[in-house]
file input.pdb (PDB, C-alpha atoms)
ATOM      1  CA  MET A 115     -92.329  13.019  12.718
ATOM      2  CA  VAL A 116     -91.319   9.758  11.071
ATOM      3  CA  THR A 117     -88.422  11.385   9.242
ATOM      4  CA  ARG A 118     -87.058  13.033  12.391
ATOM      5  CA  ALA A 119     -87.418   9.833  14.368
ATOM      6  CA  TYR A 120     -85.476   7.958  11.684
ATOM      7  CA  GLU A 121     -82.696  10.517  11.595
ATOM      8  CA  HIS A 122     -82.180  10.234  15.368
ATOM      9  CA  THR A 123     -82.373   6.449  15.482
ATOM     10  CA  ASN A 124     -79.293   4.266  15.274
ATOM     11  CA  HIS A 125     -79.362   2.393  11.994
ATOM     12  CA  ARG A 126     -76.967   0.347   9.923
ATOM     13  CA  GLY A 127     -75.564   1.597   6.667
ATOM     14  CA  PRO A 128     -76.104  -0.277   3.412
ATOM     15  CA  GLU A 129     -74.346  -3.613   2.952
ATOM     16  CA  LEU A 130     -71.327  -3.127   0.696
ATOM     17  CA  ILE A 131     -69.354  -5.602  -1.411
ATOM     18  CA  ALA A 132     -65.675  -5.943  -0.502
ATOM     19  CA  THR A 133     -63.425  -4.423  -3.165
ATOM     20  CA  SER A 134     -60.018  -4.396  -1.473
ATOM     21  CA  ALA A 135     -58.645  -7.401  -3.361
ATOM     22  CA  THR A 136     -59.644  -6.103  -6.789
ATOM     23  CA  ARG A 137     -58.300  -2.661  -5.901
ATOM     24  CA  VAL A 138     -54.886  -4.113  -5.057
ATOM     25  CA  LEU A 139     -54.976  -6.343  -8.157
ATOM     26  CA  ALA A 140     -55.674  -3.469 -10.533
ATOM     27  CA  ALA A 141     -53.107  -1.119  -8.987
ATOM     28  CA  ALA A 142     -50.444  -3.855  -8.916
ATOM     29  CA  GLY A 143     -51.164  -4.624 -12.559
ATOM     30  CA  TRP A 144     -50.685  -0.997 -13.570
ATOM     31  CA  LEU A 145     -47.464  -0.775 -11.579
ATOM     32  CA  GLY A 146     -46.218  -4.051 -13.046
ATOM     33  CA  SER A 147     -46.964  -2.813 -16.559
ATOM     34  CA  ALA A 148     -44.875   0.304 -15.941
ATOM     35  CA  VAL A 149     -41.978  -1.767 -14.593
ATOM     36  CA  CYS A 150     -42.168  -4.194 -17.540
ATOM     37  CA  TYR A 151     -42.128  -1.293 -19.972
ATOM     38  CA  MET A 152     -39.036   0.160 -18.296
ATOM     39  CA  VAL A 153     -37.241  -3.202 -18.352
ATOM     40  CA  ALA A 154     -38.186  -3.703 -22.013
ATOM     41  CA  ALA A 155     -36.886  -0.237 -22.914
ATOM     42  CA  ILE A 156     -33.571  -0.912 -21.196
ATOM     43  CA  THR A 157     -33.287  -4.316 -22.879
ATOM     44  CA  LEU A 158     -33.988  -2.888 -26.333
ATOM     45  CA  SER A 159     -31.896   0.252 -25.874
ATOM     46  CA  ARG A 160     -28.808  -1.271 -27.525
ATOM     47  CA  SER A 161     -30.367  -2.710 -30.670
ATOM     48  CA  TYR A 162     -33.963  -1.576 -31.162
ATOM     49  CA  ARG A 163     -34.575   1.977 -30.047
ATOM     50  CA  HIS A 164     -37.070   2.674 -32.815
ATOM     51  CA  ILE A 165     -39.662  -0.028 -33.580
ATOM     52  CA  THR A 166     -40.829  -0.130 -37.200
ATOM     53  CA  ALA A 167     -42.807  -2.460 -39.447
ATOM     54  CA  ASP A 168     -39.533  -3.982 -40.617
ATOM     55  CA  ASN A 169     -37.913  -4.827 -37.277
ATOM     56  CA  TRP A 170     -40.814  -5.626 -34.946
ATOM     57  CA  ARG A 171     -40.217  -9.388 -35.221
ATOM     58  CA  GLY A 172     -36.668  -8.939 -34.022
ATOM     59  CA  VAL A 173     -37.926  -6.750 -31.185
ATOM     60  CA  PHE A 174     -40.391  -9.455 -30.166
ATOM     61  CA  ASP A 175     -37.651 -12.099 -30.152
ATOM     62  CA  GLU A 176     -35.452  -9.845 -28.033
ATOM     63  CA  ILE A 177     -38.024  -9.465 -25.248
ATOM     64  CA  ARG A 178     -39.792 -12.802 -25.622
ATOM     65  CA  TRP A 179     -38.698 -13.769 -22.107
ATOM     66  CA  LEU A 180     -40.488 -10.688 -20.736
ATOM     67  CA  MET A 181     -43.795 -11.295 -22.513
ATOM     68  CA  PRO A 182     -45.371 -13.534 -19.793
ATOM     69  CA  PHE A 183     -44.775 -10.800 -17.220
ATOM     70  CA  MET A 184     -46.129  -8.091 -19.519
ATOM     71  CA  ILE A 185     -49.245 -10.088 -20.397
ATOM     72  CA  SER A 186     -49.933 -11.039 -16.777
ATOM     73  CA  SER A 187     -49.447  -7.449 -15.599
ATOM     74  CA  PHE A 188     -51.766  -6.085 -18.263
ATOM     75  CA  GLY A 189     -54.320  -8.808 -17.513
ATOM     76  CA  MET A 190     -54.213  -7.968 -13.799
ATOM     77  CA  ALA A 191     -54.692  -4.266 -14.535
ATOM     78  CA  TYR A 192     -57.472  -4.803 -17.070
ATOM     79  CA  LEU A 193     -59.528  -7.456 -15.307
ATOM     80  CA  GLY A 194     -58.894  -5.949 -11.881
ATOM     81  CA  TRP A 195     -60.205  -2.590 -13.085
ATOM     82  CA  VAL A 196     -63.250  -4.147 -14.766
ATOM     83  CA  VAL A 197     -64.225  -6.102 -11.637
ATOM     84  CA  TRP A 198     -63.527  -3.163  -9.324
ATOM     85  CA  ALA A 199     -65.508  -0.720 -11.492
ATOM     86  CA  THR A 200     -68.454  -3.121 -11.514
ATOM     87  CA  LEU A 201     -68.406  -3.713  -7.749
ATOM     88  CA  ALA A 202     -67.788  -0.028  -7.039
ATOM     89  CA  ALA A 203     -70.826   0.869  -9.155
ATOM     90  CA  ILE A 204     -72.931  -1.585  -7.146
ATOM     91  CA  ASN A 205     -71.703  -0.053  -3.878
ATOM     92  CA  GLY A 206     -72.198   3.439  -5.246
ATOM     93  CA  HIS A 207     -75.807   2.623  -6.082
ATOM     94  CA  ARG A 208     -76.381   1.455  -2.512
ATOM     95  CA  VAL A 209     -75.193   4.726  -0.989
ATOM     96  CA  ALA A 210     -76.248   7.198  -3.704
ATOM     97  CA  PRO A 211     -79.492   6.813  -5.685
ATOM     98  CA  LEU A 212     -78.137   8.382  -8.886
ATOM     99  CA  ALA A 213     -74.769   6.630  -9.095
ATOM    100  CA  THR A 214     -73.364   4.902 -12.181
ATOM    101  CA  SER A 215     -74.880   1.688 -13.523
ATOM    102  CA  PRO A 216     -73.129  -1.587 -12.602
ATOM    103  CA  PHE A 217     -73.659  -2.794 -16.183
ATOM    104  CA  MET A 218     -71.587  -0.024 -17.738
ATOM    105  CA  ALA A 219     -68.116  -1.468 -17.025
ATOM    106  CA  PRO A 220     -68.822  -5.004 -18.357
ATOM    107  CA  LEU A 221     -70.486  -3.508 -21.424
ATOM    108  CA  ALA A 222     -67.562  -1.160 -22.074
ATOM    109  CA  TYR A 223     -64.667  -3.546 -21.445
ATOM    110  CA  LEU A 224     -65.995  -7.024 -22.262
ATOM    111  CA  PHE A 225     -68.777  -6.759 -24.850
ATOM    112  CA  GLY A 226     -66.678  -5.177 -27.614
ATOM    113  CA  PRO A 227     -63.741  -7.623 -27.396
ATOM    114  CA  ALA A 228     -66.128 -10.580 -27.085
ATOM    115  CA  ALA A 229     -68.083  -9.479 -30.160
ATOM    116  CA  ALA A 230     -64.830  -8.994 -32.077
ATOM    117  CA  ALA A 231     -63.654 -12.483 -31.080
ATOM    118  CA  VAL A 232     -66.905 -14.021 -32.300
ATOM    119  CA  GLY A 233     -66.692 -12.042 -35.542
ATOM    120  CA  ALA A 234     -63.096 -13.176 -36.077
ATOM    121  CA  LEU A 235     -64.191 -16.805 -35.794
ATOM    122  CA  TYR A 236     -66.799 -16.457 -38.532
ATOM    123  CA  LYS A 237     -65.047 -13.846 -40.698
ATOM    124  CA  PRO A 238     -61.288 -14.214 -40.145
ATOM    125  CA  GLU A 239     -60.532 -12.238 -43.308
ATOM    126  CA  TYR A 240     -61.707  -9.115 -41.447
ATOM    127  CA  ASN A 241     -59.509  -9.640 -38.381
ATOM    128  CA  GLY A 242     -57.932  -6.208 -38.738
ATOM    129  CA  TYR A 243     -61.319  -4.516 -38.702
ATOM    130  CA  TRP A 244     -62.504  -6.616 -35.761
ATOM    131  CA  LEU A 245     -59.396  -5.678 -33.775
ATOM    132  CA  ALA A 246     -59.702  -1.977 -34.612
ATOM    133  CA  GLY A 247     -63.390  -2.022 -33.710
ATOM    134  CA  ALA A 248     -62.733  -3.727 -30.367
ATOM    135  CA  ILE A 249     -60.003  -1.224 -29.469
ATOM    136  CA  ALA A 250     -62.201   1.727 -30.433
ATOM    137  CA  TRP A 251     -65.107   0.273 -28.423
ATOM    138  CA  VAL A 252     -62.947  -0.166 -25.310
ATOM    139  CA  CYS A 253     -61.378   3.290 -25.606
ATOM    140  CA  VAL A 254     -64.725   5.074 -25.949
ATOM    141  CA  GLY A 255     -66.286   2.887 -23.257
ATOM    142  CA  HIS A 256     -63.367   3.547 -20.912
ATOM    143  CA  GLY A 257     -63.893   7.273 -21.234
ATOM    144  CA  LEU A 258     -67.600   6.931 -20.505
ATOM    145  CA  VAL A 259     -66.912   4.713 -17.482
ATOM    146  CA  LEU A 260     -64.455   7.240 -16.065
ATOM    147  CA  LEU A 261     -66.877  10.114 -16.597
ATOM    148  CA  SER A 262     -69.642   8.150 -14.903
ATOM    149  CA  LEU A 263     -67.426   7.149 -11.972
ATOM    150  CA  ARG A 264     -66.261  10.751 -11.599
ATOM    151  CA  SER A 265     -69.874  11.886 -11.381
ATOM    152  CA  SER A 266     -70.627   9.191  -8.798
ATOM    153  CA  ALA A 267     -67.518  10.149  -6.836
ATOM    154  CA  ARG A 268     -68.813  13.699  -6.543
ATOM    155  CA  ARG A 269     -72.175  12.437  -5.289
ATOM    156  CA  ILE A 270     -70.699  10.267  -2.533
ATOM    157  CA  GLY A 271     -67.968  12.697  -1.481
ATOM    158  CA  ALA A 272     -64.967  10.898  -3.019
ATOM    159  CA  ASP A 273     -62.016  12.582  -4.736
ATOM    160  CA  SER A 274     -63.327  13.078  -8.271
ATOM    161  CA  ASP A 275     -60.089  14.767  -9.370
ATOM    162  CA  GLN A 276     -58.357  11.383  -9.449
ATOM    163  CA  PHE A 277     -60.801  10.155 -12.088
ATOM    164  CA  SER A 278     -60.134  13.316 -14.087
ATOM    165  CA  ARG A 279     -56.429  12.472 -13.992
ATOM    166  CA  LEU A 280     -57.218   9.006 -15.323
ATOM    167  CA  LEU A 281     -58.796  10.741 -18.303
ATOM    168  CA  TRP A 282     -55.958  13.185 -18.937
ATOM    169  CA  PHE A 283     -52.870  11.033 -18.345
ATOM    170  CA  PRO A 284     -53.556   8.612 -21.242
ATOM    171  CA  LEU A 285     -54.425  11.520 -23.536
ATOM    172  CA  ALA A 286     -51.200  13.264 -22.534
ATOM    173  CA  SER A 287     -49.250  10.066 -23.215
ATOM    174  CA  ILE A 288     -50.802   9.646 -26.676
ATOM    175  CA  GLY A 289     -50.238  13.306 -27.510
ATOM    176  CA  TYR A 290     -46.639  13.188 -26.371
ATOM    177  CA  ARG A 291     -45.964  10.051 -28.436
ATOM    178  CA  MET A 292     -47.487  11.590 -31.560
ATOM    179  CA  ILE A 293     -45.418  14.748 -31.122
ATOM    180  CA  ALA A 294     -42.260  12.705 -30.533
ATOM    181  CA  ILE A 295     -42.840  10.617 -33.657
ATOM    182  CA  VAL A 296     -43.848  13.498 -35.922
ATOM    183  CA  VAL A 297     -41.560  16.280 -34.711
ATOM    184  CA  LEU A 298     -38.392  14.387 -33.854
ATOM    185  CA  PRO A 299     -36.447  12.862 -36.738
ATOM    186  CA  GLU A 300     -35.977   9.107 -36.689
ATOM    187  CA  THR A 301     -32.279   9.564 -35.954
ATOM    188  CA  SER A 302     -33.144  11.153 -32.591
ATOM    189  CA  PHE A 303     -33.855   7.706 -31.191
ATOM    190  CA  ASN A 304     -30.203   6.809 -31.811
ATOM    191  CA  ASN A 305     -29.137   9.534 -29.400
ATOM    192  CA  SER A 306     -28.762   8.062 -25.903
ATOM    193  CA  THR A 307     -29.825  11.267 -24.175
ATOM    194  CA  TRP A 308     -32.969  11.710 -26.268
ATOM    195  CA  PHE A 309     -33.866   8.056 -25.858
ATOM    196  CA  ALA A 310     -33.438   8.251 -22.068
ATOM    197  CA  VAL A 311     -35.614  11.379 -21.915
ATOM    198  CA  LEU A 312     -38.393   9.803 -23.985
ATOM    199  CA  VAL A 313     -38.389   6.613 -21.924
ATOM    200  CA  GLY A 314     -38.304   8.661 -18.706
ATOM    201  CA  ILE A 315     -41.401  10.620 -19.767
ATOM    202  CA  ASP A 316     -43.170   7.379 -20.668
ATOM    203  CA  VAL A 317     -42.376   5.750 -17.341
ATOM    204  CA  THR A 318     -43.336   8.895 -15.405
ATOM    205  CA  LEU A 319     -46.755   9.032 -17.075
ATOM    206  CA  MET A 320     -47.325   5.320 -16.464
ATOM    207  CA  MET A 321     -46.324   5.594 -12.794
ATOM    208  CA  ALA A 322     -48.544   8.657 -12.388
ATOM    209  CA  THR A 323     -51.427   6.702 -13.920
ATOM    210  CA  ALA A 324     -50.819   3.778 -11.562
ATOM    211  CA  MET A 325     -50.841   6.149  -8.583
ATOM    212  CA  ALA A 326     -54.017   7.856  -9.813
ATOM    213  CA  VAL A 327     -55.697   4.462 -10.262
ATOM    214  CA  TRP A 328     -54.940   3.520  -6.654
ATOM    215  CA  ARG A 329     -56.002   6.881  -5.238
ATOM    216  CA  ALA A 330     -59.224   6.968  -7.248
ATOM    217  CA  MET A 331     -60.235   3.466  -6.187
ATOM    218  CA  HIS A 332     -59.243   3.987  -2.547
ATOM    219  CA  SER A 333     -61.091   7.298  -2.322
ATOM    220  CA  PHE A 334     -64.239   5.857  -3.911
ATOM    221  CA  ASP A 335     -64.241   2.806  -1.632
ATOM    222  CA  ALA A 336     -63.632   4.925   1.473
ATOM    223  CA  ALA A 337     -66.513   7.242   0.566
ATOM    224  CA  CYS A 338     -68.848   4.273   0.047
ATOM    225  CA  ALA A 339     -67.863   2.869   3.438
ATOM    226  CA  ARG A 340     -69.011   6.014   5.206
ATOM    227  CA  ASP A 341     -72.609   6.257   6.394
ATOM    228  CA  ARG A 342     -74.325   8.425   3.802
ATOM    229  CA  TYR A 343     -77.704   8.659   5.555
ATOM    230  CA  SER A 344     -76.602  11.796   7.387
ATOM    231  CA  SER A 345     -76.223  13.607   4.062
ATOM    232  CA  VAL A 346     -79.098  12.022   2.173
ATOM    233  CA  GLU A 347     -80.298  15.470   1.102
ATOM    234  CA  ASN A 348     -77.163  15.760  -1.058
ATOM    235  CA  GLN A 349     -78.066  12.611  -2.993
ATOM    236  CA  LEU A 350     -81.733  13.289  -3.777
ATOM    237  CA  PRO A 351     -83.547  15.931  -5.820
ATOM    238  CA  ALA A 352     -84.490  19.064  -3.946
ATOM    239  CA  PHE A 353     -88.202  18.224  -3.654
ATOM    240  CA  MET A 354     -87.325  14.851  -2.060
ATOM    241  CA  ALA A 355     -84.458  16.126   0.069
ATOM    242  CA  SER A 356     -86.670  18.766   1.702
ATOM    243  CA  ALA A 357     -88.531  16.001   3.549
ATOM    244  CA  HIS A 358     -85.314  15.081   5.355
ATOM    245  CA  ARG A 359     -84.531  18.535   6.711
TER     246      ARG A 359
END
call {"tool": "encode", "arguments": {"input": "input.pdb", "output": "structure tokens"}}
result
Amino acid sequence: MVTRAYEHTNHRGPELIATSATRVLAAAGWLGSAVCYMVAAITLSRSYRHITADNWRGVFDEIRWLMPFMISSFGMAYLGWVVWATLAAINGHRVAPLATSPFMAPLAYLFGPAAAAVGALYKPEYNGYWLAGAIAWVCVGHGLVLLSLRSSARRIGADSDQFSRLLWFPLASIGYRMIAIVVLPETSFNNSTWFAVLVGIDVTLMMATAMAVWRAMHSFDAACARDRYSSVENQLPAFMASAHR
């Protein structure tokens, strides 16, 4: 009686935190990073097509003017994603009981780098190890965050395939780079056609990632905004959901 009366009574959905600004910030950062990479590749195409341990200082001097844009774009993408993932997890918890934890994103993206920074202050002789540890922490944490968000997306009716793409695109980019470095001889980078093809693949993967980031965030936010009370039986275990039928 009480359950049926509740289902047929007008009620407000859960209060959600606005995520539009962080969604735009993260997507714009990813897009800006792709554009900066393309500009850097064009700038370096005449003198530095293959970056090595011997010429990286010259490469840095060549694109020094572009560094503020690259750093700001990466910062927008990184911080925008961290904030959005945290807020999206909070919203997901309010519409689906078994959604991802809001603490996962800060732990994955901020704890490791912060711990490495503190370690570098006290043990600067191990800076290389601190940096490698922070990168490994973020990479593993990023994968766990995406898997958790994909699971939450399925629970709330969002497009979980976009989060799968965010897992596969970076792996495809890393795999392609390793194949290009190992299989192709170093002289291949001196060939204008080969160089254009390699840069084109890079930019395509980065643009595809930027698009997947936007679609994943937009789909998740749209699903949270819908009233999920009407499908509460899909969010709860069977023995609890049966009371709502």
call {"tool": "resolve_selection", "arguments": {"input": "input.pdb", "expression": "the PyMOL selection byres ((chain A and resi 280) around 8)", "output": "mmCIF file with C-alpha atoms, in the coordinates of the input"}}
result
data_model
loop_
_atom_site.group_PDB
_atom_site.id
_atom_site.type_symbol
_atom_site.label_atom_id
_atom_site.label_comp_id
_atom_site.auth_asym_id
_atom_site.auth_seq_id
_atom_site.Cartn_x
_atom_site.Cartn_y
_atom_site.Cartn_z
ATOM 1 C CA LEU A 260 -64.455 7.240 -16.065
ATOM 2 C CA GLN A 276 -58.357 11.383 -9.449
ATOM 3 C CA PHE A 277 -60.801 10.155 -12.088
ATOM 4 C CA SER A 278 -60.134 13.316 -14.087
ATOM 5 C CA ARG A 279 -56.429 12.472 -13.992
ATOM 6 C CA LEU A 281 -58.796 10.741 -18.303
ATOM 7 C CA TRP A 282 -55.958 13.185 -18.937
ATOM 8 C CA PHE A 283 -52.870 11.033 -18.345
ATOM 9 C CA PRO A 284 -53.556 8.612 -21.242
ATOM 10 C CA THR A 323 -51.427 6.702 -13.920
ATOM 11 C CA ALA A 326 -54.017 7.856 -9.813
ATOM 12 C CA VAL A 327 -55.697 4.462 -10.262
#
call {"tool": "residues_around", "arguments": {"input": "input.pdb", "residues": "Leu263 in chain A", "least_positions_apart": "2", "cutoff": "9 Å", "atoms": "all atoms listed in the file", "output": "list in words"}}
result
Ala199, Ala202, Ala203, Ala213, Thr214, Leu258, Val259, Leu260, Leu261, Ser265, Ser266, Ala267, Arg268, Ser274, Phe277 and Phe334 of chain A
call {"tool": "closest_residue", "arguments": {"input": "input.pdb", "among": "A:Ile156, A:Leu245, A:Val209, A:Ala229", "to": "Ile270 in chain A", "atoms": "all atoms listed in the file"}}
result
A:Val209
call {"tool": "atom_distance", "arguments": {"input": "input.pdb", "atom1": "CA of Arg137 in chain A", "atom2": "CA of Cys253 in chain A"}}
result
20.8 Å
call {"tool": "resolve_selection", "arguments": {"input": "input.pdb", "expression": "the PyMOL selection byres ((chain A and resi 313) around 12)", "output": "ChimeraX atom specification"}}
result
/A:148-149,151-156,158-159,163-164,287,290-291,294,303,306-312,314-320
call {"tool": "atom_distance", "arguments": {"input": "input.pdb", "atom1": "CA of Ala250 in chain A", "atom2": "CA of Leu224 in chain A"}}
result
12.6 Å
call {"tool": "resolve_selection", "arguments": {"input": "input.pdb", "expression": "the PyMOL selection byres ((chain A and resi 142) around 12)", "output": "PyMOL selection string"}}
result
chain A and resi 135-141+143-150+186-195+321+323-325+327-328
call {"tool": "atom_distance", "arguments": {"input": "input.pdb", "atom1": "CA of Ser215 in chain A", "atom2": "CA of Glu129 in chain A"}}
result
17.3 Å
call {"tool": "axis_aligned_box", "arguments": {"input": "input.pdb", "around": "range 144-161 of chain A", "padding_each_side": "3 Å", "output": "lines of an AutoDock Vina configuration file"}}
result
center_x = -39.7
center_y = -2.0
center_z = -21.1
size_x = 27.9
size_y = 10.6
size_z = 25.1
call {"tool": "closest_residue", "arguments": {"input": "input.pdb", "among": "A:Ala322, A:Ala210, A:Ile249, A:Ile204", "to": "Gly226 in chain A", "atoms": "only C-alpha atoms"}}
result
A:Ile249
call {"tool": "decode", "arguments": {"input": "input.pdb", "residues": "range 129-218 of chain A", "atoms": "C-alpha atoms", "output": "PDB file, in the first residue's frame"}}
result
ATOM      1  CA  GLU A 129      19.199  17.126  -5.788  1.00  0.00           C
ATOM      2  CA  LEU A 130      22.135  17.004  -8.195  1.00  0.00           C
ATOM      3  CA  ILE A 131      25.347  19.036  -8.329  1.00  0.00           C
ATOM      4  CA  ALA A 132      25.855  21.069 -11.505  1.00  0.00           C
ATOM      5  CA  THR A 133      28.634  19.628 -13.664  1.00  0.00           C
ATOM      6  CA  SER A 134      28.247  21.547 -16.926  1.00  0.00           C
ATOM      7  CA  ALA A 135      31.193  23.880 -16.333  1.00  0.00           C
ATOM      8  CA  THR A 136      33.625  21.099 -15.447  1.00  0.00           C
ATOM      9  CA  ARG A 137      32.389  19.049 -18.399  1.00  0.00           C
ATOM     10  CA  VAL A 138      33.153  21.893 -20.809  1.00  0.00           C
ATOM     11  CA  LEU A 139      36.503  22.555 -19.097  1.00  0.00           C
ATOM     12  CA  ALA A 140      37.678  18.962 -19.413  1.00  0.00           C
ATOM     13  CA  ALA A 141      36.540  18.548 -23.023  1.00  0.00           C
ATOM     14  CA  ALA A 142      38.081  21.893 -24.034  1.00  0.00           C
ATOM     15  CA  GLY A 143      41.333  20.877 -22.370  1.00  0.00           C
ATOM     16  CA  TRP A 144      41.477  17.618 -24.310  1.00  0.00           C
ATOM     17  CA  LEU A 145      40.705  19.415 -27.560  1.00  0.00           C
ATOM     18  CA  GLY A 146      43.298  22.090 -26.808  1.00  0.00           C
ATOM     19  CA  SER A 147      45.908  19.423 -26.096  1.00  0.00           C
ATOM     20  CA  ALA A 148      45.252  17.827 -29.485  1.00  0.00           C
ATOM     21  CA  VAL A 149      45.542  21.188 -31.251  1.00  0.00           C
ATOM     22  CA  CYS A 150      48.771  22.036 -29.388  1.00  0.00           C
ATOM     23  CA  TYR A 151      50.240  18.680 -30.342  1.00  0.00           C
ATOM     24  CA  MET A 152      49.393  19.270 -34.004  1.00  0.00           C
ATOM     25  CA  VAL A 153      50.916  22.764 -33.948  1.00  0.00           C
ATOM     26  CA  ALA A 154      54.040  21.430 -32.214  1.00  0.00           C
ATOM     27  CA  ALA A 155      54.402  18.661 -34.805  1.00  0.00           C
ATOM     28  CA  ILE A 156      54.141  21.146 -37.660  1.00  0.00           C
ATOM     29  CA  THR A 157      56.637  23.479 -35.979  1.00  0.00           C
ATOM     30  CA  LEU A 158      59.160  20.692 -35.406  1.00  0.00           C
ATOM     31  CA  SER A 159      58.642  19.018 -38.779  1.00  0.00           C
ATOM     32  CA  ARG A 160      61.572  20.845 -40.409  1.00  0.00           C
ATOM     33  CA  SER A 161      64.263  20.265 -37.798  1.00  0.00           C
ATOM     34  CA  TYR A 162      63.202  17.755 -35.147  1.00  0.00           C
ATOM     35  CA  ARG A 163      61.071  14.954 -36.510  1.00  0.00           C
ATOM     36  CA  HIS A 164      62.554  12.361 -34.175  1.00  0.00           C
ATOM     37  CA  ILE A 165      63.067  13.360 -30.522  1.00  0.00           C
ATOM     38  CA  THR A 166      65.976  11.622 -28.792  1.00  0.00           C
ATOM     39  CA  ALA A 167      67.942  11.975 -25.568  1.00  0.00           C
ATOM     40  CA  ASP A 168      70.499  14.055 -27.447  1.00  0.00           C
ATOM     41  CA  ASN A 169      68.240  16.659 -29.066  1.00  0.00           C
ATOM     42  CA  TRP A 170      65.355  17.117 -26.625  1.00  0.00           C
ATOM     43  CA  ARG A 171      66.774  20.409 -25.308  1.00  0.00           C
ATOM     44  CA  GLY A 172      66.773  21.838 -28.801  1.00  0.00           C
ATOM     45  CA  VAL A 173      63.215  20.598 -29.283  1.00  0.00           C
ATOM     46  CA  PHE A 174      62.156  22.328 -26.071  1.00  0.00           C
ATOM     47  CA  ASP A 175      63.750  25.603 -27.181  1.00  0.00           C
ATOM     48  CA  GLU A 176      61.994  25.348 -30.536  1.00  0.00           C
ATOM     49  CA  ILE A 177      58.506  25.113 -29.022  1.00  0.00           C
ATOM     50  CA  ARG A 178      59.107  27.108 -25.851  1.00  0.00           C
ATOM     51  CA  TRP A 179      56.543  29.681 -26.992  1.00  0.00           C
ATOM     52  CA  LEU A 180      53.904  26.928 -27.165  1.00  0.00           C
ATOM     53  CA  MET A 181      54.551  25.503 -23.699  1.00  0.00           C
ATOM     54  CA  PRO A 182      52.133  27.828 -21.790  1.00  0.00           C
ATOM     55  CA  PHE A 183      49.302  26.732 -24.077  1.00  0.00           C
ATOM     56  CA  MET A 184      50.228  23.058 -23.764  1.00  0.00           C
ATOM     57  CA  ILE A 185      50.484  23.220 -19.973  1.00  0.00           C
ATOM     58  CA  SER A 186      47.218  25.141 -19.607  1.00  0.00           C
ATOM     59  CA  SER A 187      45.393  22.751 -21.944  1.00  0.00           C
ATOM     60  CA  PHE A 188      46.670  19.703 -20.095  1.00  0.00           C
ATOM     61  CA  GLY A 189      45.828  21.312 -16.749  1.00  0.00           C
ATOM     62  CA  MET A 190      42.286  22.062 -17.931  1.00  0.00           C
ATOM     63  CA  ALA A 191      41.837  18.480 -19.133  1.00  0.00           C
ATOM     64  CA  TYR A 192      43.332  16.908 -16.012  1.00  0.00           C
ATOM     65  CA  LEU A 193      41.724  19.034 -13.317  1.00  0.00           C
ATOM     66  CA  GLY A 194      38.449  19.312 -15.214  1.00  0.00           C
ATOM     67  CA  TRP A 195      38.231  15.525 -15.451  1.00  0.00           C
ATOM     68  CA  VAL A 196      39.125  15.037 -11.779  1.00  0.00           C
ATOM     69  CA  VAL A 197      36.466  17.507 -10.598  1.00  0.00           C
ATOM     70  CA  TRP A 198      33.851  16.178 -13.022  1.00  0.00           C
ATOM     71  CA  ALA A 199      34.515  12.540 -12.068  1.00  0.00           C
ATOM     72  CA  THR A 200      34.158  13.433  -8.391  1.00  0.00           C
ATOM     73  CA  LEU A 201      30.919  15.387  -8.856  1.00  0.00           C
ATOM     74  CA  ALA A 202      29.536  12.788 -11.264  1.00  0.00           C
ATOM     75  CA  ALA A 203      30.194  10.070  -8.678  1.00  0.00           C
ATOM     76  CA  ILE A 204      28.296  12.104  -6.080  1.00  0.00           C
ATOM     77  CA  ASN A 205      25.358  12.526  -8.473  1.00  0.00           C
ATOM     78  CA  GLY A 206      25.530   8.874  -9.443  1.00  0.00           C
ATOM     79  CA  HIS A 207      25.278   7.870  -5.794  1.00  0.00           C
ATOM     80  CA  ARG A 208      22.153   9.998  -5.413  1.00  0.00           C
ATOM     81  CA  VAL A 209      20.333   8.274  -8.268  1.00  0.00           C
ATOM     82  CA  ALA A 210      21.798   4.755  -8.023  1.00  0.00           C
ATOM     83  CA  PRO A 211      22.595   3.090  -4.678  1.00  0.00           C
ATOM     84  CA  LEU A 212      25.546   1.062  -5.989  1.00  0.00           C
ATOM     85  CA  ALA A 213      27.325   3.740  -8.021  1.00  0.00           C
ATOM     86  CA  THR A 214      31.038   4.553  -7.837  1.00  0.00           C
ATOM     87  CA  SER A 215      32.568   6.172  -4.759  1.00  0.00           C
ATOM     88  CA  PRO A 216      33.169   9.948  -4.889  1.00  0.00           C
ATOM     89  CA  PHE A 217      36.542   9.398  -3.193  1.00  0.00           C
ATOM     90  CA  MET A 218      37.937   7.258  -5.997  1.00  0.00           C
TER      91      MET A 218
END
